[in-house]
>>> print(open('my_file_11.txt').read())   # compact mmCIF, C-alpha atoms
# COMPACT_ATOMS: atom_id res chain seq x y z
CA MET A 12 72.80 20.65 188.31
CA LEU A 13 72.45 17.29 190.05
CA ILE A 14 71.77 15.45 186.78
CA TYR A 15 75.07 16.70 185.33
CA ILE A 16 77.05 15.61 188.39
CA ILE A 17 75.43 12.16 188.25
CA LEU A 18 76.30 11.91 184.54
CA LEU A 19 79.93 12.82 185.21
CA MET A 20 80.19 10.31 188.07
CA ALA A 21 78.55 7.62 185.94
CA ILE A 22 81.20 7.98 183.24
CA PHE A 23 83.94 7.62 185.86
CA VAL A 24 82.22 4.42 187.08
CA TYR A 25 81.94 3.11 183.49
CA ALA A 26 85.68 3.77 183.11
CA LEU A 27 86.35 0.96 185.60
CA LEU A 28 85.54 -1.39 182.71
CA LEU A 29 88.62 -0.11 180.89
CA ARG A 30 90.79 -1.13 183.84
CA VAL A 31 89.63 -4.74 183.70
CA LYS A 32 91.26 -5.48 180.36
CA PRO A 33 92.71 -2.32 178.75
CA GLU A 34 93.44 -3.98 175.41
CA SER A 35 89.87 -5.29 174.99
CA LYS A 36 88.00 -3.70 172.06
CA SER A 37 84.71 -5.10 173.36
CA LEU A 38 85.11 -3.33 176.70
CA ARG A 39 86.01 -0.08 174.92
CA LYS A 40 82.82 -0.39 172.88
CA LEU A 41 80.81 -1.10 176.02
CA PHE A 42 82.31 1.93 177.78
CA LEU A 43 81.48 4.19 174.84
CA PHE A 44 77.97 2.74 174.56
CA LEU A 45 77.23 3.34 178.25
CA SER A 46 78.87 6.79 178.36
CA PHE A 47 77.39 8.23 175.19
CA GLY A 48 74.10 6.44 175.78
CA SER A 49 73.86 8.24 179.13
CA CYS A 50 74.67 11.56 177.45
CA ALA A 51 71.95 10.91 174.85
CA LEU A 52 69.42 10.18 177.61
CA VAL A 53 70.17 13.45 179.40
CA LEU A 54 69.97 15.40 176.14
CA GLY A 55 66.95 13.56 174.81
CA LEU A 56 64.78 13.63 177.92
CA ARG A 57 65.15 17.34 178.61
CA ALA A 58 62.23 19.73 178.80
CA TYR A 59 61.61 22.21 175.99
CA PHE A 60 63.03 25.11 178.06
CA VAL A 61 66.38 23.39 178.81
CA GLY A 62 68.79 24.94 176.32
CA GLU A 63 68.34 28.26 174.60
CA ASP A 64 66.94 26.95 171.28
CA THR A 65 65.20 23.70 172.22
CA ALA A 66 61.74 25.23 171.80
CA SER A 67 62.72 26.43 168.30
CA TYR A 68 63.75 22.93 167.25
CA ILE A 69 60.44 21.55 168.48
CA THR A 70 58.68 24.28 166.44
CA ILE A 71 60.60 23.18 163.33
CA PHE A 72 59.79 19.54 163.99
CA ASN A 73 56.07 20.25 164.41
CA PHE A 74 55.98 22.49 161.35
CA THR A 75 57.60 19.76 159.23
CA LYS A 76 54.34 17.78 159.48
CA SER A 77 52.72 20.32 157.14
CA ILE A 78 55.47 20.14 154.49
CA PRO A 79 55.05 17.34 151.89
CA LEU A 80 58.17 15.24 151.40
CA CYS A 81 58.20 15.99 147.67
CA ASP A 82 58.37 19.72 148.41
CA ILE A 83 61.48 19.20 150.52
CA LEU A 84 63.15 17.03 147.87
CA THR A 85 62.30 19.30 144.92
CA ASN A 86 62.79 22.70 146.53
CA PRO A 87 65.33 24.64 144.43
CA SER A 88 66.74 26.26 147.56
CA ILE A 89 68.69 24.26 150.14
CA LYS A 90 66.92 26.28 152.85
CA ILE A 91 63.15 26.10 153.29
CA PRO A 92 61.07 28.72 155.13
CA TYR A 93 58.92 27.80 158.09
CA PHE A 94 56.60 29.92 160.23
CA VAL A 95 57.64 30.72 163.79
CA ASP A 96 54.28 32.38 164.46
CA TYR A 97 51.73 34.37 162.49
CA ASN A 98 53.96 37.46 162.43
CA SER A 99 57.37 36.04 161.58
CA SER A 100 59.11 33.28 159.69
CA ALA A 101 62.58 31.75 159.40
CA SER A 102 64.23 29.11 157.24
CA VAL A 103 66.02 25.86 157.87
CA GLU A 104 68.24 23.56 155.83
CA SER A 105 66.44 20.87 153.84
CA GLY A 106 68.71 18.15 155.21
CA PHE A 107 67.49 18.82 158.73
CA LEU A 108 63.87 18.83 157.55
CA LEU A 109 64.44 15.42 155.97
CA TRP A 110 65.73 14.20 159.33
CA CYS A 111 62.57 15.55 160.99
CA LYS A 112 60.45 13.90 158.31
CA PHE A 113 62.16 10.56 158.89
CA ILE A 114 61.48 10.73 162.64
CA GLN A 115 57.82 11.51 161.95
CA ILE A 116 57.53 8.14 160.21
CA LEU A 117 58.22 6.67 163.65
CA SER A 118 56.46 9.20 165.85
CA ASN A 119 55.07 12.75 165.94
CA ASN A 120 56.14 13.14 169.56
CA PRO A 121 58.71 15.97 170.02
CA GLN A 122 60.26 13.94 172.84
CA VAL A 123 61.15 11.21 170.34
CA PHE A 124 62.61 13.87 168.04
CA LEU A 125 64.87 15.26 170.79
CA PHE A 126 65.96 11.79 171.86
CA LEU A 127 66.75 10.48 168.37
CA THR A 128 68.62 13.67 167.42
CA ALA A 129 70.69 13.43 170.60
CA SER A 130 71.27 9.69 170.04
CA LEU A 131 72.52 10.15 166.48
CA THR A 132 74.82 13.01 167.52
CA CYS A 133 76.25 11.04 170.44
CA PHE A 134 76.63 7.86 168.37
CA LEU A 135 78.63 9.64 165.66
CA PHE A 136 80.99 11.26 168.18
CA ALA A 137 81.43 7.90 169.93
CA LYS A 138 82.21 6.27 166.57
CA PHE A 139 84.79 8.96 165.83
CA ILE A 140 86.50 8.33 169.17
CA TYR A 141 86.49 4.55 168.68
CA ASP A 142 87.88 4.84 165.14
CA ASN A 143 90.70 7.22 166.04
CA CYS A 144 91.66 6.97 169.71
CA GLU A 145 93.03 3.43 169.94
CA GLU A 146 93.34 2.34 173.58
CA ASN A 147 92.58 5.63 175.36
CA VAL A 148 88.88 6.32 174.86
CA PHE A 149 88.25 7.62 178.38
CA PHE A 150 89.86 11.04 178.08
CA PRO A 151 88.25 11.93 174.72
CA THR A 152 84.90 11.03 176.30
CA ILE A 153 85.58 13.44 179.16
CA VAL A 154 86.56 16.11 176.62
CA PHE A 155 83.25 15.50 174.79
CA LEU A 156 81.32 15.89 178.03
CA CYS A 157 83.20 18.74 179.67
CA GLU A 158 84.79 20.99 177.06
CA SER A 159 81.88 22.22 174.90
CA ILE A 160 80.35 19.61 172.60
CA PHE A 161 77.87 18.08 175.04
CA MET A 162 76.69 21.40 176.49
CA ASN A 163 76.39 23.00 173.03
CA SER A 164 74.10 20.12 172.04
CA PHE A 165 71.43 21.57 174.34
CA ASN A 166 71.45 24.82 172.42
CA ILE A 167 72.77 24.50 168.85
CA ALA A 168 71.67 20.88 168.43
CA ARG A 169 71.41 21.17 164.63
CA GLN A 170 74.96 22.43 164.25
CA MET A 171 76.34 19.82 166.65
CA LEU A 172 74.63 17.13 164.57
CA ALA A 173 76.28 18.61 161.47
CA CYS A 174 79.60 18.65 163.34
CA ALA A 175 79.16 14.99 164.33
CA ILE A 176 78.62 14.13 160.65
CA ALA A 177 81.42 16.31 159.28
CA ILE A 178 84.02 14.95 161.71
CA GLN A 179 83.61 11.49 160.13
CA ALA A 180 85.48 12.84 157.10
CA TYR A 181 88.70 12.75 159.13
CA SER A 182 88.83 8.94 159.23
CA LEU A 183 88.13 8.75 155.49
CA LEU A 184 90.76 11.32 154.56
CA LYS A 185 93.44 9.47 156.52
CA ASN A 186 92.86 6.59 154.11
CA ASN A 187 92.80 8.75 150.95
CA LYS A 188 89.02 8.36 150.50
CA TYR A 189 88.50 11.89 149.24
CA TRP A 190 85.20 11.49 147.39
CA LYS A 191 83.54 9.76 150.35
CA ALA A 192 84.85 12.54 152.61
CA ILE A 193 83.42 15.19 150.29
CA LEU A 194 80.05 13.39 150.35
CA ILE A 195 80.09 13.36 154.16
CA ILE A 196 80.85 17.09 154.25
CA LEU A 197 78.00 17.80 151.81
CA ILE A 198 75.58 15.82 153.99
CA ALA A 199 76.71 17.87 157.00
CA PHE A 200 76.29 21.02 154.90
CA ALA A 201 72.70 19.99 154.14
CA VAL A 202 72.03 19.85 157.89
CA HIS A 203 73.77 23.15 158.72
CA HIS A 204 75.38 25.48 156.17
CA THR A 205 78.37 26.34 158.34
CA ALA A 206 79.68 22.76 157.92
CA ILE A 207 80.96 23.70 154.45
CA ILE A 208 83.98 25.28 156.15
CA THR A 209 85.28 21.75 156.80
CA ILE A 210 85.97 21.42 153.07
CA ILE A 211 89.37 22.89 153.99
CA LEU A 212 90.27 19.39 155.24
CA ILE A 213 90.41 18.11 151.66
CA PRO A 214 93.46 20.10 150.43
CA LEU A 215 95.05 19.86 153.88
CA PHE A 216 94.97 16.06 153.91
CA TRP A 217 95.87 15.82 150.24
CA PHE A 218 99.03 17.78 150.95
CA PHE A 219 99.93 15.68 153.98
CA ASN A 220 99.23 12.40 152.21
CA ASN A 221 101.37 13.31 149.19
CA HIS A 222 104.35 15.17 150.66
CA LYS A 223 106.96 13.64 152.90
CA ARG A 224 108.66 16.88 153.92
CA ASN A 225 107.48 18.75 156.97
CA TYR A 226 105.79 21.98 155.90
CA PHE A 227 104.01 22.46 159.22
CA ASN A 228 105.22 26.02 159.85
CA TYR A 229 104.16 27.28 156.42
CA ILE A 230 100.76 25.57 156.53
CA ALA A 231 100.12 26.86 160.06
CA ILE A 232 100.72 30.43 158.89
CA ILE A 233 98.52 30.00 155.81
CA ILE A 234 95.53 28.49 157.65
CA SER A 235 95.81 31.10 160.38
CA LEU A 236 95.07 33.66 157.69
CA VAL A 237 91.87 31.91 156.55
CA PRO A 238 89.56 33.77 159.00
CA ILE A 239 91.20 37.08 158.09
CA ILE A 240 90.65 36.43 154.38
CA LEU A 241 87.02 35.41 154.94
CA ALA A 242 86.42 38.52 157.04
CA GLU A 243 87.41 40.59 154.00
CA MET A 244 84.89 38.77 151.78
CA PRO A 245 81.55 39.65 153.42
CA ASN A 246 79.53 39.42 150.19
CA LEU A 247 80.72 35.90 149.39
CA VAL A 248 80.34 34.58 152.93
CA GLY A 249 77.03 36.38 153.34
CA SER A 250 75.65 34.72 150.21
CA ILE A 251 76.69 31.25 151.39
CA PHE A 252 75.34 31.77 154.91
CA SER A 253 72.44 34.05 154.06
CA GLY A 254 70.26 32.48 156.73
CA TYR A 255 72.78 33.46 159.39
CA SER A 256 73.32 37.09 158.41
CA SER A 257 72.74 38.19 161.99
CA TYR A 258 75.85 36.25 162.98
CA TYR A 259 78.00 37.70 160.20
CA VAL A 260 78.38 41.09 161.82
CA ASN A 261 80.89 43.03 163.84
CA ARG A 262 79.52 43.14 167.35
CA GLY A 263 82.67 44.45 168.96
CA SER A 264 82.73 43.84 172.67
CA GLN A 265 79.62 41.64 172.53
CA ASN A 266 81.63 38.81 170.97
CA LEU A 267 83.32 37.53 174.10
CA ILE A 268 85.42 34.45 174.74
CA GLY A 269 85.00 33.06 178.24
CA LEU A 270 87.82 32.66 180.73
CA GLY A 271 87.69 28.86 180.43
CA THR A 272 88.11 29.05 176.67
CA ILE A 273 91.06 31.43 177.04
CA VAL A 274 92.75 29.04 179.49
CA PHE A 275 92.35 26.13 177.09
CA ILE A 276 93.54 28.17 174.11
CA VAL A 277 96.75 28.91 176.02
CA ILE A 278 97.13 25.20 176.92
CA GLU A 279 96.53 24.20 173.32
CA LEU A 280 99.10 26.64 171.95
CA VAL A 281 101.70 25.55 174.50
CA GLY A 282 100.89 21.91 173.68
CA ILE A 283 101.33 22.52 169.94
CA ILE A 284 104.66 24.27 170.51
CA TYR A 285 105.79 21.38 172.73
CA MET A 286 104.83 18.72 170.16
CA HIS A 287 106.51 20.78 167.45
CA HIS A 288 109.65 20.93 169.59
CA ASN A 289 109.51 17.14 169.78
CA GLU A 290 109.14 16.98 165.99
CA PHE A 291 105.59 15.61 166.18
CA LYS A 292 106.88 12.17 167.07
CA ILE A 293 103.33 10.84 167.56
CA ASP A 294 101.64 9.85 164.32
CA GLY A 295 98.97 12.32 163.23
CA SER A 296 99.87 14.94 165.85
CA SER A 297 100.93 17.52 163.25
CA ARG A 298 97.58 17.24 161.40
CA ILE A 299 95.57 17.51 164.60
CA SER A 300 97.68 20.48 165.69
CA LEU A 301 96.87 22.30 162.45
CA LEU A 302 93.15 21.71 162.98
CA ILE A 303 93.40 23.09 166.51
CA ILE A 304 95.26 26.13 165.13
CA LEU A 305 92.31 26.63 162.75
CA SER A 306 89.97 26.40 165.72
CA ILE A 307 91.94 29.03 167.65
CA ALA A 308 92.15 31.31 164.60
CA PHE A 309 88.37 31.23 164.14
CA GLU A 310 87.80 31.69 167.89
CA LEU A 311 89.93 34.83 167.90
CA ALA A 312 88.39 36.10 164.67
CA GLY A 313 85.02 35.57 166.33
CA LEU A 314 85.80 38.53 168.57
CA LYS A 315 85.18 40.63 165.48
CA VAL A 316 82.83 38.49 163.36
CA ALA A 317 80.29 36.46 165.33
CA MET A 318 79.83 33.82 162.60
CA PHE A 319 83.41 32.63 163.07
CA LEU A 320 82.64 31.43 166.60
CA ARG A 321 80.24 28.96 164.98
CA MET A 322 82.82 27.90 162.40
CA ALA A 323 85.41 27.28 165.11
CA LEU A 324 83.29 24.48 166.58
CA TYR A 325 83.97 22.19 163.61
CA PHE A 326 87.69 22.28 164.34
CA ARG A 327 87.41 22.51 168.11
CA ALA A 328 85.86 19.04 167.99
CA TYR A 329 89.33 17.69 167.21
CA LEU A 330 90.29 18.31 170.82
CA LEU A 331 88.87 14.80 171.18
CA LEU A 332 92.15 13.63 169.60
CA PHE A 333 94.47 16.47 170.50
CA PHE A 334 94.97 15.71 174.19
CA ASN A 335 95.69 12.03 173.50
CA LYS A 336 98.45 13.05 171.08
CA LEU A 337 99.82 15.55 173.59
CA PHE A 338 99.81 13.05 176.48
CA LYS A 339 101.77 10.53 174.41
CA THR A 340 104.39 13.17 173.65
CA ILE A 341 104.94 14.15 177.30
CA ASN A 342 107.59 12.38 179.36
CA PRO A 343 105.91 9.46 181.21
CA ARG A 344 107.26 10.76 184.54
CA TYR A 345 105.11 13.89 184.25
CA ARG A 346 102.25 12.53 182.14
CA PHE A 347 99.90 11.55 184.99
CA ILE A 348 100.24 14.91 186.74
CA PHE A 349 99.53 16.78 183.51
CA GLN A 350 96.51 14.57 182.78
CA LEU A 351 95.20 15.22 186.28
CA CYS A 352 95.55 19.00 185.85
CA ILE A 353 93.72 18.98 182.50
CA LEU A 354 91.02 16.74 183.94
CA PHE A 355 90.53 19.12 186.87
CA LEU A 356 90.21 22.12 184.52
CA LEU A 357 87.75 20.28 182.28
CA ILE A 358 85.53 19.37 185.23
CA LEU A 359 85.56 22.99 186.45
CA PHE A 360 84.64 24.13 182.94
CA TYR A 361 81.82 21.57 182.82
CA LEU A 362 80.36 22.49 186.19
CA SER A 363 80.46 26.22 185.45
CA TYR A 364 78.59 25.62 182.19
CA ALA A 365 76.09 23.33 183.94
CA ASN A 366 75.37 26.06 186.46
CA THR A 367 74.06 28.52 183.86
CA PRO A 368 70.30 29.33 183.92
CA ALA A 369 69.66 27.77 180.49
CA ARG A 370 71.03 24.43 181.74
CA LYS A 371 68.74 24.21 184.76
CA TYR A 372 67.47 20.71 184.14
CA SER A 373 63.95 19.42 184.03
CA PHE A 374 62.54 16.38 182.29
CA PHE A 375 60.23 16.67 179.30
CA MET A 376 56.58 17.17 180.19
>>> encode(input="my_file_11.txt", output="structure tokens")
Amino acid sequence: MLIYIILLMAIFVYALLLRVKPESKSLRKLFLFLSFGSCALVLGLRAYFVGEDTASYITIFNFTKSIPLCDILTNPSIKIPYFVDYNSSASVESGFLLWCKFIQILSNNPQVFLFLTASLTCFLFAKFIYDNCEENVFFPTIVFLCESIFMNSFNIARQMLACAIAIQAYSLLKNNKYWKAILIILIAFAVHHTAIITIILIPLFWFFNNHKRNYFNYIAIIISLVPIILAEMPNLVGSIFSGYSSYYVNRGSQNLIGLGTIVFIVIELVGIIYMHHNEFKIDGSSRISLLIILSIAFELAGLKVAMFLRMALYFRAYLLLFFNKLFKTINPRYRFIFQLCILFLLILFYLSYANTPARKYSFFM
């Protein structure tokens, strides 16, 4: 647990740079480099038993040595089987195997693999924050660390890498670069199949970019129905995510949302209602609100269908922008108090996650 406390304190120390000259882009870059570089070090130097699936990723990396590059490139399936042991096998997306193959050009050391995967993931999230958060890059960094993204990167590292890639489409879509955004989403899909759900951003942004009228209420209702519609199409979804069939099941009470997540869902809903009441006066706040509504819809649907909890992560990542939009909407007299309350809750959430057995930290041996 000590390593996580040190990391949190380090980011607060790095934030002093932002106080020196708040309008300086160079200092914002330096803050993000130090903060996300520190996160990458903690993720990349962990032992194989830190995080539920770390050992599995090392198995995949080691197995990739035996797969010729041409077999990966010419395989008719976008998922390639690999052997877990002599009695069982699994499959993994070809895009992730290509990433493993690229790292093996540099080194066959699993430590290098963990570090470079963590570094790329952290870099892409830092880039997203820099591209979209203007002056306030501190709070999105704290959201990255404390809410779920950083801690999930110990466990579902492959999906968080896909999420870090897919989220880049947001910046492109704001500027009407639809084909580039589609390419980004397809790359993310090649790393983890669940990333294909982010294709919903294409029609959403097309509508926003081409219609001046505010259709927020109608769109919010429509996208809230997306998980319900998908839940009624098990054959289609099962064929797309065939490698994750164990997740596309009804587990009833086993699919639980933690207390911290419930608290933040309530805060997010109240925040969306508040920004709606203020007519989304902050640019982009209506779009971000819709993405958070999608996140909440998939979270709640995940109580019935486990796969949807995975899909929610792609939209939950937009909390990196959501709180900035919300803070700007709030009356300046109350803004600092509200920020302090959210910060306190995020730190509690972070420490409770850090205290779980799977996060007991040890360096790679």
>>> closest_residue(input="my_file_11.txt", among="A:Ala308, A:Leu109, A:Leu354, A:Ile140", to="Ile233 of chain A", atoms="all atoms listed in the file")
A:Ala308
>>> residues_around(input="my_file_11.txt", residues="Ser297 of chain A", least_positions_apart="5", cutoff="9 Å", atoms="all atoms listed in the file", output="list in words")
Phe227, Ile283, Met286, His287, Glu290, Phe291, Lys292 and Leu302 of chain A
>>> residues_around(input="my_file_11.txt", residues="segment 114-126 of chain A", least_positions_apart="6", cutoff="9 Å", atoms="only C-alpha atoms", output="number ranges by chain")
A: 51-59, 65, 68-69, 72-73, 75-76, 375-376
>>> residues_around(input="my_file_11.txt", residues="Val281 of chain A", least_positions_apart="4", cutoff="12 Å", atoms="all atoms listed in the file", output="PyMOL selection string")
chain A and resi 274-277+285-288+300+303-304+334+337
>>> closest_residue(input="my_file_11.txt", among="A:Arg30, A:Tyr25, A:Ile307, A:Ser164", to="Gly62 of chain A", atoms="only C-alpha atoms")
A:Ser164
>>> residues_around(input="my_file_11.txt", residues="Ile16 of chain A", least_positions_apart="5", cutoff="9 Å", atoms="all atoms listed in the file", output="number ranges by chain")
A: 21, 362, 365
>>> residues_around(input="my_file_11.txt", residues="Leu45 of chain A", least_positions_apart="5", cutoff="12 Å", atoms="only C-alpha atoms", output="PDB file with C-alpha atoms, in the coordinates of the input")
ATOM      1  CA  LEU A  18      76.300  11.910 184.540  1.00  0.00           C
ATOM      2  CA  ALA A  21      78.550   7.620 185.940  1.00  0.00           C
ATOM      3  CA  ILE A  22      81.200   7.980 183.240  1.00  0.00           C
ATOM      4  CA  PHE A  23      83.940   7.620 185.860  1.00  0.00           C
ATOM      5  CA  VAL A  24      82.220   4.420 187.080  1.00  0.00           C
ATOM      6  CA  TYR A  25      81.940   3.110 183.490  1.00  0.00           C
ATOM      7  CA  ALA A  26      85.680   3.770 183.110  1.00  0.00           C
ATOM      8  CA  LEU A  27      86.350   0.960 185.600  1.00  0.00           C
ATOM      9  CA  LEU A  28      85.540  -1.390 182.710  1.00  0.00           C
ATOM     10  CA  LEU A  38      85.110  -3.330 176.700  1.00  0.00           C
ATOM     11  CA  ARG A  39      86.010  -0.080 174.920  1.00  0.00           C
ATOM     12  CA  LYS A  40      82.820  -0.390 172.880  1.00  0.00           C
ATOM     13  CA  CYS A  50      74.670  11.560 177.450  1.00  0.00           C
ATOM     14  CA  ALA A  51      71.950  10.910 174.850  1.00  0.00           C
ATOM     15  CA  LEU A  52      69.420  10.180 177.610  1.00  0.00           C
ATOM     16  CA  SER A 130      71.270   9.690 170.040  1.00  0.00           C
ATOM     17  CA  CYS A 133      76.250  11.040 170.440  1.00  0.00           C
ATOM     18  CA  PHE A 134      76.630   7.860 168.370  1.00  0.00           C
ATOM     19  CA  ALA A 137      81.430   7.900 169.930  1.00  0.00           C
ATOM     20  CA  PHE A 149      88.250   7.620 178.380  1.00  0.00           C
ATOM     21  CA  THR A 152      84.900  11.030 176.300  1.00  0.00           C
TER      22      THR A 152
END
>>> atom_distance(input="my_file_11.txt", atom1="atom CA of Thr85 of chain A", atom2="atom CA of Cys174 of chain A")
25.3 Å
>>> closest_residue(input="my_file_11.txt", among="A:Phe113, A:Phe309, A:Tyr181, A:Phe150", to="Leu241 of chain A", atoms="all atoms listed in the file")
A:Phe309
>>> closest_residue(input="my_file_11.txt", among="A:Val148, A:Ala129, A:Glu104, A:Ile293", to="Val202 of chain A", atoms="all atoms listed in the file")
A:Glu104
>>> atom_distance(input="my_file_11.txt", atom1="atom CA of Gln350 of chain A", atom2="atom CA of Phe338 of chain A")
7.3 Å
>>> atom_distance(input="my_file_11.txt", atom1="atom CA of Phe42 of chain A", atom2="atom CA of Lys188 of chain A")
28.8 Å
